[in-house]
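Source file: model_36.pdb; contents: PDB, C-alpha atoms, pLDDT in the B column.
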```
ATOM      1  CA  MET A 125      43.040 -17.808  12.190  1.00 68.00           C
ATOM      2  CA  CYS A 126      46.733 -18.331  11.438  1.00 79.00           C
ATOM      3  CA  ARG A 127      47.913 -14.785  10.823  1.00 78.00           C
ATOM      4  CA  GLY A 128      50.613 -13.961  13.357  1.00 78.00           C
ATOM      5  CA  LYS A 129      50.849 -17.573  14.558  1.00 81.00           C
ATOM      6  CA  LYS A 130      53.875 -19.871  14.427  1.00 82.00           C
ATOM      7  CA  ASN A 131      52.069 -22.657  12.587  1.00 86.00           C
ATOM      8  CA  CYS A 132      49.257 -22.918  10.065  1.00 91.00           C
ATOM      9  CA  THR A 133      46.346 -25.126  11.053  1.00 93.00           C
ATOM     10  CA  GLU A 134      46.126 -26.358   7.450  1.00 93.00           C
ATOM     11  CA  LEU A 135      49.706 -27.707   7.524  1.00 94.00           C
ATOM     12  CA  ASP A 136      50.633 -30.816   9.480  1.00 93.00           C
ATOM     13  CA  LEU A 137      53.099 -30.192  12.297  1.00 92.00           C
ATOM     14  CA  ASN A 138      55.307 -32.881  10.727  1.00 95.00           C
ATOM     15  CA  PRO A 139      56.942 -31.488   7.542  1.00 95.00           C
ATOM     16  CA  LYS A 140      57.385 -35.038   6.231  1.00 94.00           C
ATOM     17  CA  LEU A 141      53.621 -35.200   5.795  1.00 96.00           C
ATOM     18  CA  TRP A 142      53.372 -31.984   3.750  1.00 97.00           C
ATOM     19  CA  ASP A 143      52.264 -32.151   0.151  1.00 96.00           C
ATOM     20  CA  LYS A 144      55.287 -32.266  -2.148  1.00 96.00           C
ATOM     21  CA  ASN A 145      53.636 -30.616  -5.139  1.00 97.00           C
ATOM     22  CA  SER A 146      51.896 -27.543  -3.777  1.00 97.00           C
ATOM     23  CA  PRO A 147      52.584 -25.024  -0.994  1.00 97.00           C
ATOM     24  CA  LEU A 148      49.127 -25.883   0.336  1.00 97.00           C
ATOM     25  CA  VAL A 149      46.436 -27.997  -1.307  1.00 96.00           C
ATOM     26  CA  PRO A 150      42.995 -26.315  -1.260  1.00 97.00           C
ATOM     27  CA  PRO A 151      40.229 -28.188   0.589  1.00 97.00           C
ATOM     28  CA  GLU A 152      37.952 -30.460  -1.416  1.00 96.00           C
ATOM     29  CA  TRP A 153      34.913 -28.218  -0.935  1.00 98.00           C
ATOM     30  CA  PHE A 154      36.556 -25.702  -3.290  1.00 98.00           C
ATOM     31  CA  ASN A 155      35.436 -27.964  -6.149  1.00 97.00           C
ATOM     32  CA  ASP A 156      31.778 -27.537  -5.215  1.00 98.00           C
ATOM     33  CA  GLU A 157      32.101 -23.754  -5.254  1.00 98.00           C
ATOM     34  CA  MET A 158      33.812 -23.854  -8.637  1.00 98.00           C
ATOM     35  CA  LYS A 159      30.971 -25.958 -10.075  1.00 98.00           C
ATOM     36  CA  ILE A 160      28.410 -23.389  -8.930  1.00 98.00           C
ATOM     37  CA  PHE A 161      30.401 -20.551 -10.456  1.00 98.00           C
ATOM     38  CA  ILE A 162      30.749 -22.412 -13.756  1.00 98.00           C
ATOM     39  CA  ASP A 163      26.977 -22.776 -13.906  1.00 98.00           C
ATOM     40  CA  ALA A 164      26.520 -19.106 -13.005  1.00 98.00           C
ATOM     41  CA  VAL A 165      28.786 -17.994 -15.854  1.00 98.00           C
ATOM     42  CA  ARG A 166      27.166 -20.320 -18.381  1.00 98.00           C
ATOM     43  CA  ILE A 167      23.709 -19.065 -17.474  1.00 98.00           C
ATOM     44  CA  ALA A 168      24.923 -15.467 -17.658  1.00 98.00           C
ATOM     45  CA  ALA A 169      26.334 -16.154 -21.118  1.00 97.00           C
ATOM     46  CA  ARG A 170      22.813 -17.151 -22.157  1.00 97.00           C
ATOM     47  CA  GLY A 171      21.589 -13.753 -20.990  1.00 96.00           C
ATOM     48  CA  ASN A 172      19.871 -14.777 -17.754  1.00 97.00           C
ATOM     49  CA  ARG A 173      21.286 -12.287 -15.239  1.00 97.00           C
ATOM     50  CA  THR A 174      18.714 -12.955 -12.512  1.00 98.00           C
ATOM     51  CA  LYS A 175      19.292 -16.717 -12.428  1.00 98.00           C
ATOM     52  CA  SER A 176      23.052 -16.233 -12.550  1.00 98.00           C
ATOM     53  CA  ILE A 177      22.941 -13.925  -9.515  1.00 98.00           C
ATOM     54  CA  GLN A 178      20.785 -16.444  -7.671  1.00 98.00           C
ATOM     55  CA  LEU A 179      23.410 -19.124  -8.226  1.00 98.00           C
ATOM     56  CA  LEU A 180      26.198 -16.741  -7.296  1.00 98.00           C
ATOM     57  CA  SER A 181      24.557 -16.115  -3.925  1.00 97.00           C
ATOM     58  CA  LYS A 182      24.966 -19.814  -3.072  1.00 98.00           C
ATOM     59  CA  ILE A 183      28.770 -19.648  -3.277  1.00 98.00           C
ATOM     60  CA  LYS A 184      30.683 -19.533   0.005  1.00 98.00           C
ATOM     61  CA  SER A 185      32.486 -16.323  -0.897  1.00 98.00           C
ATOM     62  CA  ASP A 186      33.523 -15.404   2.654  1.00 98.00           C
ATOM     63  CA  GLU A 187      34.869 -18.891   3.346  1.00 98.00           C
ATOM     64  CA  LEU A 188      36.875 -18.898   0.099  1.00 98.00           C
ATOM     65  CA  ARG A 189      38.295 -15.484   0.954  1.00 97.00           C
ATOM     66  CA  ASP A 190      39.165 -16.447   4.531  1.00 96.00           C
ATOM     67  CA  TRP A 191      40.980 -19.611   3.438  1.00 97.00           C
ATOM     68  CA  TYR A 192      43.021 -17.695   0.891  1.00 97.00           C
ATOM     69  CA  CYS A 193      43.908 -14.841   3.254  1.00 95.00           C
ATOM     70  CA  GLU A 194      44.606 -16.912   6.368  1.00 94.00           C
ATOM     71  CA  HIS A 195      46.169 -20.021   4.848  1.00 96.00           C
ATOM     72  CA  GLY A 196      46.812 -20.061   1.096  1.00 96.00           C
ATOM     73  CA  GLN A 197      48.732 -16.864   0.548  1.00 95.00           C
ATOM     74  CA  MET A 198      50.959 -17.401   3.606  1.00 95.00           C
ATOM     75  CA  SER A 199      51.649 -21.122   3.210  1.00 96.00           C
ATOM     76  CA  GLY A 200      55.168 -20.683   1.809  1.00 96.00           C
ATOM     77  CA  MET A 201      56.148 -18.511   4.746  1.00 95.00           C
ATOM     78  CA  PHE A 202      54.941 -21.114   7.230  1.00 95.00           C
ATOM     79  CA  ARG A 203      56.778 -23.878   5.373  1.00 96.00           C
ATOM     80  CA  ASN A 204      60.027 -21.950   5.142  1.00 96.00           C
ATOM     81  CA  ASN A 205      59.865 -20.889   8.788  1.00 94.00           C
ATOM     82  CA  GLU A 206      59.790 -24.561   9.705  1.00 94.00           C
ATOM     83  CA  LEU A 207      62.334 -25.837   7.171  1.00 95.00           C
ATOM     84  CA  LYS A 208      64.757 -22.947   7.733  1.00 94.00           C
ATOM     85  CA  ILE A 209      66.313 -23.331   4.278  1.00 93.00           C
ATOM     86  CA  GLU A 210      67.759 -20.264   2.609  1.00 88.00           C
ATOM     87  CA  THR A 211      69.237 -20.033  -0.876  1.00 86.00           C
ATOM     88  CA  VAL A 212      72.308 -17.844  -1.095  1.00 82.00           C
ATOM     89  CA  LYS A 213      72.076 -15.265  -3.868  1.00 78.00           C
ATOM     90  CA  ASN A 214      75.498 -14.433  -5.298  1.00 78.00           C
ATOM     91  CA  ASN A 215      76.142 -12.438  -8.473  1.00 84.00           C
ATOM     92  CA  ILE A 216      72.662 -13.126  -9.868  1.00 88.00           C
ATOM     93  CA  SER A 217      71.787 -11.675 -13.252  1.00 92.00           C
ATOM     94  CA  LEU A 218      68.159 -10.566 -13.212  1.00 94.00           C
ATOM     95  CA  ASP A 219      66.005 -10.829 -16.319  1.00 95.00           C
ATOM     96  CA  PRO A 220      65.174  -7.308 -17.598  1.00 96.00           C
ATOM     97  CA  LEU A 221      61.647  -8.595 -18.213  1.00 96.00           C
ATOM     98  CA  ARG A 222      59.927  -9.302 -14.915  1.00 96.00           C
ATOM     99  CA  SER A 223      56.197  -9.252 -15.655  1.00 97.00           C
ATOM    100  CA  PRO A 224      54.895 -12.508 -17.182  1.00 97.00           C
ATOM    101  CA  ASP A 225      52.057 -10.704 -19.004  1.00 96.00           C
ATOM    102  CA  LYS A 226      53.760 -11.187 -22.386  1.00 97.00           C
ATOM    103  CA  TYR A 227      53.423 -14.964 -22.080  1.00 98.00           C
ATOM    104  CA  ARG A 228      50.479 -15.450 -19.726  1.00 97.00           C
ATOM    105  CA  LYS A 229      47.893 -16.423 -22.359  1.00 97.00           C
ATOM    106  CA  GLU A 230      50.329 -18.810 -24.041  1.00 97.00           C
ATOM    107  CA  VAL A 231      51.164 -20.417 -20.705  1.00 98.00           C
ATOM    108  CA  PHE A 232      47.504 -20.723 -19.658  1.00 98.00           C
ATOM    109  CA  GLN A 233      46.554 -22.396 -22.938  1.00 96.00           C
ATOM    110  CA  ARG A 234      49.520 -24.757 -22.776  1.00 96.00           C
ATOM    111  CA  ASP A 235      48.535 -25.829 -19.250  1.00 97.00           C
ATOM    112  CA  ASN A 236      44.787 -26.025 -19.972  1.00 97.00           C
ATOM    113  CA  TYR A 237      44.106 -23.320 -17.377  1.00 97.00           C
ATOM    114  CA  THR A 238      45.156 -25.695 -14.596  1.00 97.00           C
ATOM    115  CA  CYS A 239      47.342 -24.838 -11.612  1.00 97.00           C
ATOM    116  CA  GLN A 240      50.514 -26.857 -12.074  1.00 97.00           C
ATOM    117  CA  TYR A 241      51.096 -26.983  -8.331  1.00 98.00           C
ATOM    118  CA  CYS A 242      47.774 -28.119  -6.849  1.00 97.00           C
ATOM    119  CA  GLY A 243      45.764 -29.077  -9.954  1.00 96.00           C
ATOM    120  CA  THR A 244      42.961 -26.553  -9.391  1.00 97.00           C
ATOM    121  CA  LYS A 245      41.020 -25.267 -12.396  1.00 97.00           C
ATOM    122  CA  VAL A 246      41.746 -21.567 -12.787  1.00 98.00           C
ATOM    123  CA  ILE A 247      40.055 -18.660 -14.551  1.00 98.00           C
ATOM    124  CA  PRO A 248      41.742 -15.678 -16.261  1.00 98.00           C
ATOM    125  CA  LYS A 249      41.060 -12.160 -15.061  1.00 97.00           C
ATOM    126  CA  GLU A 250      39.267 -11.255 -18.316  1.00 98.00           C
ATOM    127  CA  VAL A 251      36.466 -13.704 -17.493  1.00 98.00           C
ATOM    128  CA  PHE A 252      36.020 -12.259 -14.017  1.00 98.00           C
ATOM    129  CA  ALA A 253      35.978  -8.719 -15.414  1.00 98.00           C
ATOM    130  CA  ALA A 254      33.373  -9.568 -18.060  1.00 98.00           C
ATOM    131  CA  TYR A 255      31.180 -11.425 -15.570  1.00 98.00           C
ATOM    132  CA  SER A 256      31.404  -8.587 -13.049  1.00 98.00           C
ATOM    133  CA  LYS A 257      30.306  -6.108 -15.684  1.00 97.00           C
ATOM    134  CA  PHE A 258      27.386  -8.354 -16.682  1.00 97.00           C
ATOM    135  CA  VAL A 259      25.937  -8.986 -13.207  1.00 98.00           C
ATOM    136  CA  GLY A 260      27.163  -5.751 -11.606  1.00 97.00           C
ATOM    137  CA  MET A 261      29.861  -5.009  -9.052  1.00 96.00           C
ATOM    138  CA  ASP A 262      27.300  -5.064  -6.244  1.00 96.00           C
ATOM    139  CA  PHE A 263      27.027  -8.825  -6.790  1.00 97.00           C
ATOM    140  CA  PHE A 264      30.496  -9.725  -8.037  1.00 98.00           C
ATOM    141  CA  ARG A 265      33.584  -7.588  -7.621  1.00 97.00           C
ATOM    142  CA  ALA A 266      36.715  -8.750  -9.431  1.00 97.00           C
ATOM    143  CA  ALA A 267      39.043  -5.862  -8.561  1.00 96.00           C
ATOM    144  CA  GLY A 268      40.033  -4.073  -5.390  1.00 95.00           C
ATOM    145  CA  THR A 269      41.427  -5.236  -2.077  1.00 96.00           C
ATOM    146  CA  ASN A 270      41.135  -8.819  -0.854  1.00 96.00           C
ATOM    147  CA  SER A 271      38.234  -7.813   1.381  1.00 95.00           C
ATOM    148  CA  GLU A 272      36.428  -6.257  -1.594  1.00 97.00           C
ATOM    149  CA  ARG A 273      36.930  -9.031  -4.135  1.00 97.00           C
ATOM    150  CA  HIS A 274      34.542 -11.954  -4.377  1.00 98.00           C
ATOM    151  CA  GLY A 275      36.026 -15.094  -2.841  1.00 98.00           C
ATOM    152  CA  VAL A 276      35.913 -16.909  -6.184  1.00 98.00           C
ATOM    153  CA  VAL A 277      38.466 -14.467  -7.575  1.00 98.00           C
ATOM    154  CA  LEU A 278      40.907 -15.082  -4.740  1.00 98.00           C
ATOM    155  CA  ALA A 279      40.501 -18.846  -4.935  1.00 98.00           C
ATOM    156  CA  PHE A 280      40.535 -19.416  -8.680  1.00 98.00           C
ATOM    157  CA  ARG A 281      42.198 -16.547 -10.537  1.00 98.00           C
ATOM    158  CA  ALA A 282      44.904 -17.664 -12.966  1.00 98.00           C
ATOM    159  CA  ASN A 283      48.439 -16.396 -12.694  1.00 98.00           C
ATOM    160  CA  ALA A 284      51.660 -17.110 -14.603  1.00 98.00           C
ATOM    161  CA  ASP A 285      54.208 -18.050 -11.947  1.00 98.00           C
ATOM    162  CA  HIS A 286      58.011 -18.117 -12.156  1.00 98.00           C
ATOM    163  CA  VAL A 287      59.169 -21.598 -11.085  1.00 98.00           C
ATOM    164  CA  VAL A 288      62.673 -20.294 -10.458  1.00 97.00           C
ATOM    165  CA  PRO A 289      61.849 -16.945  -8.822  1.00 96.00           C
ATOM    166  CA  TRP A 290      62.766 -13.826 -10.741  1.00 96.00           C
ATOM    167  CA  ILE A 291      64.697 -12.534  -7.717  1.00 94.00           C
ATOM    168  CA  HIS A 292      66.808 -15.699  -7.875  1.00 94.00           C
ATOM    169  CA  GLY A 293      67.663 -15.172 -11.541  1.00 95.00           C
ATOM    170  CA  GLY A 294      64.674 -17.018 -13.012  1.00 96.00           C
ATOM    171  CA  ARG A 295      63.872 -16.108 -16.601  1.00 97.00           C
ATOM    172  CA  THR A 296      60.555 -14.653 -17.648  1.00 98.00           C
ATOM    173  CA  SER A 297      59.981 -17.195 -20.390  1.00 98.00           C
ATOM    174  CA  PRO A 298      57.474 -19.972 -21.157  1.00 97.00           C
ATOM    175  CA  GLU A 299      60.088 -22.497 -20.026  1.00 97.00           C
ATOM    176  CA  ASN A 300      60.172 -21.000 -16.525  1.00 98.00           C
ATOM    177  CA  LEU A 301      56.522 -19.966 -16.274  1.00 98.00           C
ATOM    178  CA  ILE A 302      53.634 -22.186 -15.280  1.00 98.00           C
ATOM    179  CA  THR A 303      49.939 -21.654 -14.678  1.00 98.00           C
ATOM    180  CA  SER A 304      49.143 -21.195 -11.007  1.00 98.00           C
ATOM    181  CA  CYS A 305      46.156 -20.379  -8.840  1.00 98.00           C
ATOM    182  CA  TRP A 306      46.535 -17.292  -6.671  1.00 97.00           C
ATOM    183  CA  SER A 307      46.914 -19.335  -3.482  1.00 97.00           C
ATOM    184  CA  CYS A 308      49.871 -21.297  -4.839  1.00 98.00           C
ATOM    185  CA  ASN A 309      51.346 -18.231  -6.531  1.00 97.00           C
ATOM    186  CA  TYR A 310      51.271 -16.037  -3.442  1.00 96.00           C
ATOM    187  CA  GLY A 311      52.040 -18.963  -1.164  1.00 96.00           C
ATOM    188  CA  LYS A 312      55.195 -19.800  -3.092  1.00 96.00           C
ATOM    189  CA  SER A 313      56.050 -16.088  -3.204  1.00 95.00           C
ATOM    190  CA  GLY A 314      59.746 -15.473  -3.906  1.00 95.00           C
ATOM    191  CA  TYR A 315      60.880 -18.754  -2.374  1.00 97.00           C
ATOM    192  CA  THR A 316      62.749 -21.399  -4.333  1.00 97.00           C
ATOM    193  CA  LEU A 317      61.239 -24.878  -4.541  1.00 97.00           C
ATOM    194  CA  GLU A 318      63.842 -26.123  -2.067  1.00 96.00           C
ATOM    195  CA  GLU A 319      63.078 -23.389   0.442  1.00 97.00           C
ATOM    196  CA  ILE A 320      59.487 -24.562   0.831  1.00 97.00           C
ATOM    197  CA  GLY A 321      60.008 -28.259   0.145  1.00 97.00           C
ATOM    198  CA  ILE A 322      58.087 -28.868  -3.076  1.00 97.00           C
ATOM    199  CA  SER A 323      59.019 -30.629  -6.317  1.00 97.00           C
ATOM    200  CA  ASP A 324      59.494 -29.034  -9.729  1.00 97.00           C
ATOM    201  CA  PRO A 325      56.036 -28.713 -11.337  1.00 97.00           C
ATOM    202  CA  ARG A 326      57.610 -28.827 -14.799  1.00 96.00           C
ATOM    203  CA  GLU A 327      58.514 -32.472 -14.269  1.00 94.00           C
ATOM    204  CA  LYS A 328      54.863 -33.470 -14.290  1.00 90.00           C
ATOM    205  CA  LYS A 329      51.805 -32.334 -16.211  1.00 86.00           C
ATOM    206  CA  LEU A 330      48.606 -31.476 -14.386  1.00 88.00           C
ATOM    207  CA  THR A 331      45.723 -30.772 -16.710  1.00 88.00           C
ATOM    208  CA  ASN A 332      41.951 -30.627 -16.898  1.00 88.00           C
ATOM    209  CA  LEU A 333      41.295 -31.687 -20.472  1.00 86.00           C
ATOM    210  CA  LYS A 334      39.104 -29.344 -22.521  1.00 90.00           C
ATOM    211  CA  TRP A 335      39.027 -26.801 -19.677  1.00 97.00           C
ATOM    212  CA  GLN A 336      39.455 -23.304 -21.116  1.00 97.00           C
ATOM    213  CA  GLY A 337      39.029 -21.306 -17.937  1.00 98.00           C
ATOM    214  CA  LEU A 338      35.557 -20.183 -19.126  1.00 98.00           C
ATOM    215  CA  SER A 339      37.320 -17.926 -21.637  1.00 97.00           C
ATOM    216  CA  GLU A 340      34.969 -19.246 -24.300  1.00 97.00           C
ATOM    217  CA  TYR A 341      32.170 -17.215 -22.693  1.00 97.00           C
ATOM    218  CA  ILE A 342      33.861 -13.812 -22.660  1.00 97.00           C
ATOM    219  CA  LEU A 343      32.356 -12.530 -25.913  1.00 95.00           C
ATOM    220  CA  LYS A 344      28.848 -13.580 -24.898  1.00 95.00           C
ATOM    221  CA  LEU A 345      29.213 -11.915 -21.507  1.00 96.00           C
ATOM    222  CA  GLU A 346      30.358  -8.696 -23.165  1.00 91.00           C
ATOM    223  CA  LYS A 347      27.396  -8.434 -25.563  1.00 80.00           C
TER     224      LYS A 347
END
```

Reformat the file's structure so that it appears as structure tokens.
Amino acid sequence: MCRGKKNCTELDLNPKLWDKNSPLVPPEWFNDEMKIFIDAVRIAARGNRTKSIQLLSKIKSDELRDWYCEHGQMSGMFRNNELKIETVKNNISLDPLRSPDKYRKEVFQRDNYTCQYCGTKVIPKEVFAAYSKFVGMDFFRAAGTNSERHGVVLAFRANADHVVPWIHGGRTSPENLITSCWSCNYGKSGYTLEEIGISDPREKKLTNLKWQGLSEYILKLEK
């Protein structure tokens, strides 16, 4: 566990070896858990609740949750503590609009529901809510505290992230918003790109072609 420690076990002790695109790249086994969840949602959309729950039980929910809580969401802090870079904020004009909700769907569709930091496929909260209602909160909880939510939600929920942080004068606009997984979003936190040593995600394009974040199944799940 890394909470309260000086270093994160998922980050190399040498900052020169850190990933330059993401605060912390998720482990490869995340992909296997995503594949299982995709199958579970597709089967649920066909009306087979029992089979969907059986698949859901195979997902490493606790491991996904632990990685997010102990590593992902705190990665920016660990990076900044090591780099010791601080951006001076002088006479910053803050955007009156802070919440990205106005543009989130537009941004997700533009980015093919793909985290522009680490490249992870992400899923909007509406899909998680519809799936939870279909299978029942006893099997899949999308809301609540981190300890209450299913690990899939913490690992793969989509978020619209300010590249230039709002607290540093970043605009809440499609030009300054990108699709992000929760780990990269909370890991980056209110830090600037320089403060945690990553490149500008807007200079590249990470995408999973034809991936719609399972949003195409929402109506079937809600029937």

Notebook entry, point to check: Hey, what's within 7 Å of stretch 132-139 of chain A if we count only C-alpha atoms and toss same-chain stuff fewer than 6 positions away? As a ChimeraX atom specification, please?
Noted result: /A:126,195,202

Notebook entry, point to check: What separation in Å, quoted to one decimal, exists between atom CA of A:Met198 and atom CA of A:Asn131?
Noted result: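 For atom CA of A:Met198 relative to atom CA of A:Asn131, the distance reads 10.5 Å.
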
Next item on the list: Starting from the displayed file, determine the output of the PyMOL selection byres ((chain A and resi 305-311) around 9) and express the residue list as number ranges by chain.
Entry: A: 146-150, 192-193, 195-201, 238-247, 277-286, 303-304, 312-315

Margin query: Here is a test: counting all atoms listed in the file, which residue of A:Lys213, A:Lys328, A:Arg234, A:Lys334 is nearest to A:Ile291?
Written below: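 Using all atoms listed in the file, the shortest distance to A:Ile291 belongs to A:Lys213.
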
Next item on the list: Would you write out, as a PyMOL selection string, every residue that the PyMOL selection byres ((chain A and resi 214-231) around 7) captures in this file?
Entry: chain A and resi 212-213+232-235+284+290-293+295-296+298+301-303

Run through the PyMOL selection byres ((chain A and resi 321) around 10) on the given coordinates and return the selected residues as a tab-separated table (two decimals) with C-alpha atoms, in the coordinates of the input.
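Final output, expr08.tsv:
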```tsv
chain	number	residue	atom	x	y	z
A	139	PRO	CA	56.94	-31.49	7.54
A	140	LYS	CA	57.38	-35.04	6.23
A	142	TRP	CA	53.37	-31.98	3.75
A	143	ASP	CA	52.26	-32.15	0.15
A	144	LYS	CA	55.29	-32.27	-2.15
A	145	ASN	CA	53.64	-30.62	-5.14
A	146	SER	CA	51.90	-27.54	-3.78
A	147	PRO	CA	52.58	-25.02	-0.99
A	200	GLY	CA	55.17	-20.68	1.81
A	203	ARG	CA	56.78	-23.88	5.37
A	204	ASN	CA	60.03	-21.95	5.14
A	207	LEU	CA	62.33	-25.84	7.17
A	209	ILE	CA	66.31	-23.33	4.28
A	315	TYR	CA	60.88	-18.75	-2.37
A	316	THR	CA	62.75	-21.40	-4.33
A	317	LEU	CA	61.24	-24.88	-4.54
A	318	GLU	CA	63.84	-26.12	-2.07
A	319	GLU	CA	63.08	-23.39	0.44
A	320	ILE	CA	59.49	-24.56	0.83
A	322	ILE	CA	58.09	-28.87	-3.08
A	323	SER	CA	59.02	-30.63	-6.32
A	324	ASP	CA	59.49	-29.03	-9.73
```

Next item on the list: Give me, please, the distance in Å between atom CA of A:Val287 and atom CA of A:Asn236, quoted to one decimal.
Entry: 17.5 Å

Margin query: I want to know what sits within 8 Å of stretch 255-259 of chain A, based on only C-alpha atoms, with residues of the same chain fewer than 5 positions away left out; could you give that as a count of residues only?
Written below: 11

Check: Which is closest to A:Lys159 among A:Gln336, A:Lys130, A:Val276, A:Pro248, if we use only C-alpha atoms?
Finding: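 Residue with the minimum atom-to-atom distance to A:Lys159: A:Val276.
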
Item checked: Nearest candidate to A:Arg326 (options A:Leu141, A:Ala164, A:Ile183, A:Val288; using all atoms listed in the file) ->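 Result for the nearest residue to A:Arg326: A:Val288.
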